[in-house]
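Read the structure below first, then the notes.
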Amino acid sequence: MTKHDIGQKYDRYILKPVLNTILLSHGEGSFLVDEVGKRYLDFVSGFGVSALGYHTEAALRVKDAVTAQMEHIWHNPYYLSYTKAPALLAEKLCAITPGSLQKTFFCNSGSEAVEGAIRVVRKATGRKELVAPQQSFFGRTCGAAALTGLSQDKKGAPLLSGVYHVPAPYCFRCSLGWEYPNCGLACANYLRDVLAYDTSGDVAAFFVEPVLGDVGVIVPPDGYFDKITSICRDNGILLVVDETLTGLGRTGKMFASEYWGLEPDVLIMGKALGGGLSLGGFIVNPQIAETFSTKDFSSSVGGNTLACAGGLATIKAIEEMHICDHVQSVGNYLIEKLKILMGKFPQIGDVRGVGLLIGIELINPSNKKTAPEQASLIKEKLLGKGVIVTVYGDSTLRLTPSLIISKKEIDIFLNVLEDSLKEVCL
Ligand SMILES: Cc1ncc(COP(=O)(O)O)c(C=O)c1O
């Protein structure tokens with residue numbers, strides 16, 4: 001079957017249009033290879049799912065674990081009968097997640113985990129309302145889309161009612177017009193006002209991503225999470241941290257919460273958790289676990305045995321191969337080099353990120369407005385030169401390469417990016 005035939009079937013039978021019309025053959029390390037052997041440096045990694053790269057030593061460990069599990073049983077709903085893989089993975093998650101998180105509910109995806117977390121915090125508190133930052137992203141199912149603070153992802157309203165938003169900690173474009181640190185963290189303080197004036201006082205939880213991924217990698221400033229945590233504690237509100245994108249080494253720590261000493265009541269996981277197989281989950285502290293009863297939430301395919309075996313092998317690979325140290329080292333290198341590039345091209349308005357979750361925000365230098373056309377042109381230029389990236393927010397190139405990417409491969413990316421910037425901006 002030719003690429004043309006497959007493209008036609010996509011057009012005719014697949015509902016969601018494809019972003020890049022490349023026909024993939026296979027992956028090699030941090031590269032994807034198309035049907036005619038052209039190699040693409042992959043700076044998307046399946047939206048962060050294929051974190052360990054393709055056919056790398058780390059990825060092969062996952063393959064071996066999944067293959068070994070296949071010899072026994074492929075799927076058993078983990079709450080139907082005992083199997084080893086979910087038990088071991090849940091024990092491991094208890095050990096590696098921050099604070100006193102202990103019991104995991106497994107499902108299939110980040111969105112499903114968010115839905116489950118909404119149910120659980122409502123049950124645990126007996127309260128209904130929820131608060132989250134504007135511009136944050138929690139998925140596209142009804143509850144997750146209601147929490148999401150981006151109107152483009154809320155189509156199909158009305159969604160869940162009783163959800164309120166506070167300004168995002170987006171210092172480069174502060175919606176309150178302040179500058180950090182003179183702002184006194186006005187965006188975090190805003191939570192007090194929303195609780196006092198907008199809600200009916202029936203708030204169960206504050207949902208937050210450690211780094212806001214979909215609007216273009218917003219790293220909250222120092223002090224933000226301390227303030228948010230203390231407002232939540234003062235008001236008896238649970239703190240739910242969504243690490244779907246940031247978890248499993250993406251930021252150079254197993255969980256990004258570690259950077260800010262966050263101790264969530266509920267932590268949400270997904271994407272890389274299954275080592276490339278569908279797996280999501282949320283882990284709760286013992287007090288919340290006490291309130292959960294068996295009919296509160298279920299998922300027939302969630303916690304699939306193969307995915308749990310893959311997840312455990314993923315975490316062991318990250319630990320045993322010291323992948324977080326590597327991510328910190330190459331991530332810092334990449335950010336440093338991008339900041340040098342920012343000095344050469346005024347069209348780069350901001351470079352921000354942690355570990356290998358990095359955003360390059362493109363702007364119109366004359367007025368600092370976003371530059372969606374230029375961002376999309378640069379994305380296309382990069383693709384033509386064999387580098388895959390995606391654009392998030394209005395005009396931010398979001399970089400999520402494999403966690404095992406080498407400095408040499410990062411240099412390839414930097415050269416291609418500089419060439420593309422020259423072609424589009426000069
Ligand atoms: C922080 C966050 N939460 C939830 C989701 C939704 O995850 P999924 O696409 O697996 O449903 C995403 C996906 O991008 C995410 O980044």
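Naming scheme: A, B, ... for chains in displayed order of the structure tokens; residues 1 onward per chain; ligands 1 onward as shown.
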(request) Using only C-alpha atoms and all ligand atoms, find each protein or nucleic acid residue lying at most 6 Å from ligand 1; present the set as a count of residues only. (result) 14
(request) Mind checking which residues fall within 8 Å of Ile335 of chain A, counting only C-alpha atoms, ignoring those fewer than 3 positions away in the same chain, and posting them as a list in words? (result)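 The contact residues come out as Gly331, Asn332, Leu338, Lys339, Val351, Arg352, Gly353 and Ile358 of chain A.
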Using C-alpha atoms, can you export the residues from the last selection as a JSON list (two decimals), in the first residue's frame?
[["chain", "number", "residue", "atom", "x", "y", "z"],
["A", 331, "GLY", "CA", 17.95, 20.22, 29.18],
["A", 332, "ASN", "CA", 20.09, 22.95, 30.75],
["A", 338, "LEU", "CA", 18.41, 28.68, 22.93],
["A", 339, "LYS", "CA", 18.94, 31.78, 25.07],
["A", 351, "VAL", "CA", 12.76, 30.71, 26.14],
["A", 352, "ARG", "CA", 11.48, 28.82, 29.17],
["A", 353, "GLY", "CA", 11.26, 25.32, 30.51],
["A", 358, "ILE", "CA", 10.90, 23.63, 26.75]]
Mind checking DSSP for segment 148-235 of chain A and telling me the strand (DSSP E) residues as a PDB file with N, CA and C atoms, in the first residue's frame?
ATOM      1  N   VAL A 163     -17.100  25.342  38.094  1.00  0.00           N
ATOM      2  CA  VAL A 163     -15.643  25.381  37.930  1.00  0.00           C
ATOM      3  C   VAL A 163     -15.215  26.837  37.727  1.00  0.00           C
ATOM      4  N   TYR A 164     -14.209  27.279  38.477  1.00  0.00           N
ATOM      5  CA  TYR A 164     -13.763  28.678  38.438  1.00  0.00           C
ATOM      6  C   TYR A 164     -12.278  28.718  38.092  1.00  0.00           C
ATOM      7  N   HIS A 165     -11.857  29.853  37.532  1.00  0.00           N
ATOM      8  CA  HIS A 165     -10.446  29.973  37.122  1.00  0.00           C
ATOM      9  C   HIS A 165      -9.783  31.214  37.710  1.00  0.00           C
ATOM     10  N   VAL A 166      -8.477  31.075  37.945  1.00  0.00           N
ATOM     11  CA  VAL A 166      -7.670  32.209  38.427  1.00  0.00           C
ATOM     12  C   VAL A 166      -6.625  32.514  37.354  1.00  0.00           C
ATOM     13  N   VAL A 203     -15.972  24.645  47.744  1.00  0.00           N
ATOM     14  CA  VAL A 203     -14.875  24.225  46.853  1.00  0.00           C
ATOM     15  C   VAL A 203     -14.185  22.969  47.387  1.00  0.00           C
ATOM     16  N   ALA A 204     -14.065  21.977  46.503  1.00  0.00           N
ATOM     17  CA  ALA A 204     -13.400  20.723  46.887  1.00  0.00           C
ATOM     18  C   ALA A 204     -11.901  20.792  46.663  1.00  0.00           C
ATOM     19  N   ALA A 205     -11.475  21.338  45.512  1.00  0.00           N
ATOM     20  CA  ALA A 205     -10.044  21.231  45.190  1.00  0.00           C
ATOM     21  C   ALA A 205      -9.585  22.283  44.200  1.00  0.00           C
ATOM     22  N   PHE A 206      -8.268  22.522  44.263  1.00  0.00           N
ATOM     23  CA  PHE A 206      -7.581  23.336  43.259  1.00  0.00           C
ATOM     24  C   PHE A 206      -6.762  22.386  42.405  1.00  0.00           C
ATOM     25  N   PHE A 207      -6.991  22.400  41.098  1.00  0.00           N
ATOM     26  CA  PHE A 207      -6.246  21.549  40.157  1.00  0.00           C
ATOM     27  C   PHE A 207      -5.168  22.404  39.485  1.00  0.00           C
ATOM     28  N   VAL A 208      -3.954  21.861  39.380  1.00  0.00           N
ATOM     29  CA  VAL A 208      -2.883  22.646  38.750  1.00  0.00           C
ATOM     30  C   VAL A 208      -1.857  21.728  38.096  1.00  0.00           C
TER      31      VAL A 208
END
Mind dumping a table of every segment 235-331 of chain A residue within 9 Å of segment 392-409 of chain A, with the nearest atom pair and its distance in Å to one decimal, using only C-alpha atoms, sorted by chain and rising number, as JSON lines?
{"residue": "A:Gly249", "atom": "CA", "partner": "A:Leu403", "partner_atom": "CA", "distance": 7.5}
{"residue": "A:Arg250", "atom": "CA", "partner": "A:Leu403", "partner_atom": "CA", "distance": 6.8}
{"residue": "A:Gly252", "atom": "CA", "partner": "A:Leu403", "partner_atom": "CA", "distance": 8.8}
{"residue": "A:Ile323", "atom": "CA", "partner": "A:Leu403", "partner_atom": "CA", "distance": 7.0}
{"residue": "A:Cys324", "atom": "CA", "partner": "A:Leu403", "partner_atom": "CA", "distance": 8.2}
{"residue": "A:His326", "atom": "CA", "partner": "A:Ile404", "partner_atom": "CA", "distance": 7.3}
{"residue": "A:Val327", "atom": "CA", "partner": "A:Leu403", "partner_atom": "CA", "distance": 6.0}
{"residue": "A:Val330", "atom": "CA", "partner": "A:Lys407", "partner_atom": "CA", "distance": 6.2}
Can you write just those residues out, N, CA and C atoms, as a compact mmCIF listing (two decimals), in the first residue's frame?
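part.txt was written with the following content:
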# COMPACT_ATOMS: atom_id res chain seq x y z
N GLY A 249 10.11 11.81 34.72
CA GLY A 249 11.43 12.26 34.28
C GLY A 249 11.44 13.39 33.26
N ARG A 250 10.29 13.80 32.74
CA ARG A 250 10.26 14.81 31.67
C ARG A 250 10.99 16.09 32.06
N GLY A 252 13.34 16.33 34.45
CA GLY A 252 14.63 16.09 35.11
C GLY A 252 14.47 15.65 36.56
N ILE A 323 18.35 8.53 34.24
CA ILE A 323 17.84 9.34 33.14
C ILE A 323 17.49 10.76 33.60
N CYS A 324 17.06 10.91 34.86
CA CYS A 324 16.74 12.28 35.33
C CYS A 324 17.99 13.17 35.32
N HIS A 326 20.52 12.89 33.36
CA HIS A 326 20.79 13.18 31.96
C HIS A 326 19.86 14.28 31.44
N VAL A 327 18.57 14.18 31.80
CA VAL A 327 17.59 15.17 31.34
C VAL A 327 17.97 16.56 31.86
N VAL A 330 21.24 17.72 29.75
CA VAL A 330 21.03 18.13 28.35
C VAL A 330 19.94 19.21 28.25
How close does each residue of segment 93-168 of chain A get to segment 288-295 of chain A, giving the shortest atom pair and distance in Å to one decimal for every residue with an atom at most 10 Å away, counting only C-alpha atoms, sorted by chain and residue number, as JSON lines?
{"residue": "A:Leu101", "atom": "CA", "partner": "A:Ala289", "partner_atom": "CA", "distance": 9.5}
{"residue": "A:Gln102", "atom": "CA", "partner": "A:Ala289", "partner_atom": "CA", "distance": 8.2}
{"residue": "A:Lys103", "atom": "CA", "partner": "A:Ala289", "partner_atom": "CA", "distance": 6.6}
{"residue": "A:Thr104", "atom": "CA", "partner": "A:Ala289", "partner_atom": "CA", "distance": 8.9}
{"residue": "A:Phe105", "atom": "CA", "partner": "A:Ala289", "partner_atom": "CA", "distance": 9.9}
{"residue": "A:Arg119", "atom": "CA", "partner": "A:Phe292", "partner_atom": "CA", "distance": 9.5}
{"residue": "A:Val120", "atom": "CA", "partner": "A:Phe292", "partner_atom": "CA", "distance": 6.9}
{"residue": "A:Val121", "atom": "CA", "partner": "A:Ile288", "partner_atom": "CA", "distance": 7.6}
{"residue": "A:Lys123", "atom": "CA", "partner": "A:Thr291", "partner_atom": "CA", "distance": 7.0}
{"residue": "A:Ala124", "atom": "CA", "partner": "A:Thr291", "partner_atom": "CA", "distance": 5.6}
{"residue": "A:Thr125", "atom": "CA", "partner": "A:Ile288", "partner_atom": "CA", "distance": 8.7}
Keeping only N, CA and C atoms, take the residues you just selected and write them out as a tab-separated table (two decimals), in the first residue's frame.
chain	number	residue	atom	x	y	z
A	101	LEU	N	1.47	10.26	49.40
A	101	LEU	CA	0.58	9.60	48.43
A	101	LEU	C	0.78	8.10	48.51
A	102	GLN	N	-0.30	7.37	48.49
A	102	GLN	CA	-0.15	5.93	48.74
A	102	GLN	C	-0.90	5.02	47.76
A	103	LYS	N	-2.20	5.30	47.52
A	103	LYS	CA	-2.99	4.32	46.77
A	103	LYS	C	-3.34	4.84	45.38
A	104	THR	N	-3.12	3.99	44.37
A	104	THR	CA	-3.31	4.39	42.98
A	104	THR	C	-4.59	3.79	42.40
A	105	PHE	N	-5.27	4.60	41.60
A	105	PHE	CA	-6.35	4.11	40.73
A	105	PHE	C	-5.78	4.14	39.32
A	119	ARG	N	-14.10	13.08	40.73
A	119	ARG	CA	-15.06	12.30	41.54
A	119	ARG	C	-14.54	12.13	42.97
A	120	VAL	N	-13.25	11.78	43.03
A	120	VAL	CA	-12.67	11.43	44.33
A	120	VAL	C	-12.59	12.64	45.27
A	121	VAL	N	-12.18	13.81	44.73
A	121	VAL	CA	-12.08	14.96	45.64
A	121	VAL	C	-13.47	15.43	46.09
A	123	LYS	N	-16.05	13.44	46.55
A	123	LYS	CA	-16.50	12.47	47.56
A	123	LYS	C	-15.78	12.72	48.89
A	124	ALA	N	-14.46	12.94	48.79
A	124	ALA	CA	-13.66	13.07	50.03
A	124	ALA	C	-14.05	14.30	50.83
A	125	THR	N	-14.42	15.39	50.13
A	125	THR	CA	-14.71	16.63	50.85
A	125	THR	C	-16.21	16.85	51.06
(request) From segment 202-277 of chain A, collect each residue whose DSSP state is helix (DSSP H, G or I) and return the set as a list in words. (result)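 These are the residues in question: Tyr224, Phe225, Asp226, Lys227, Ile228, Thr229, Ser230, Ile231, Cys232, Arg233, Asp234, Ala256, Ser257, Glu258, Tyr259, Trp260, Lys271, Ala272, Leu273 and Gly274 of chain A.
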(message) I'd like the neighbourhood of Lys63 of chain A as a PyMOL selection string, where a residue qualifies if any of its atoms comes within 12 Å (using only C-alpha atoms), though same-chain residues fewer than 3 positions away should be ignored.
(response) chain A and resi 52-60+66-70+274-277+306-307+309-314+317
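The nearest approach to Pro98 of chain A among the residues A:Asn285, A:Ser81, A:Thr2, A:Ser278, with only C-alpha atoms taken into account, belongs to A:Asn285.
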(request) Could you jot down the atom CA of Pro264 of chain A to atom CA of Gly99 of chain A separation for me, Å, one decimal place? (result) 7.1 Å
(request) Give the answer as one residue: which of A:Ile22, A:Leu147, A:Leu93, A:Met269 has the shortest atom-to-atom distance to Gly384 of chain A, using only C-alpha atoms? (result)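 Of all the options, A:Ile22 lies closest to Gly384 of chain A.
Among the candidates A:Leu150, A:Ala95, A:Met1, A:Leu41, the one nearest to Leu23 of chain A when counting only C-alpha atoms is A:Met1.
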(request) Considering only C-alpha atoms, return as a ChimeraX atom specification whatever protein or nucleic-acid residues lie within 12 Å of Asp222 of chain A, sequence-local ones (same chain, fewer than 4 positions apart) excluded. (result) /A:169,171,180-181,184-185,188,210,226-228,259-261
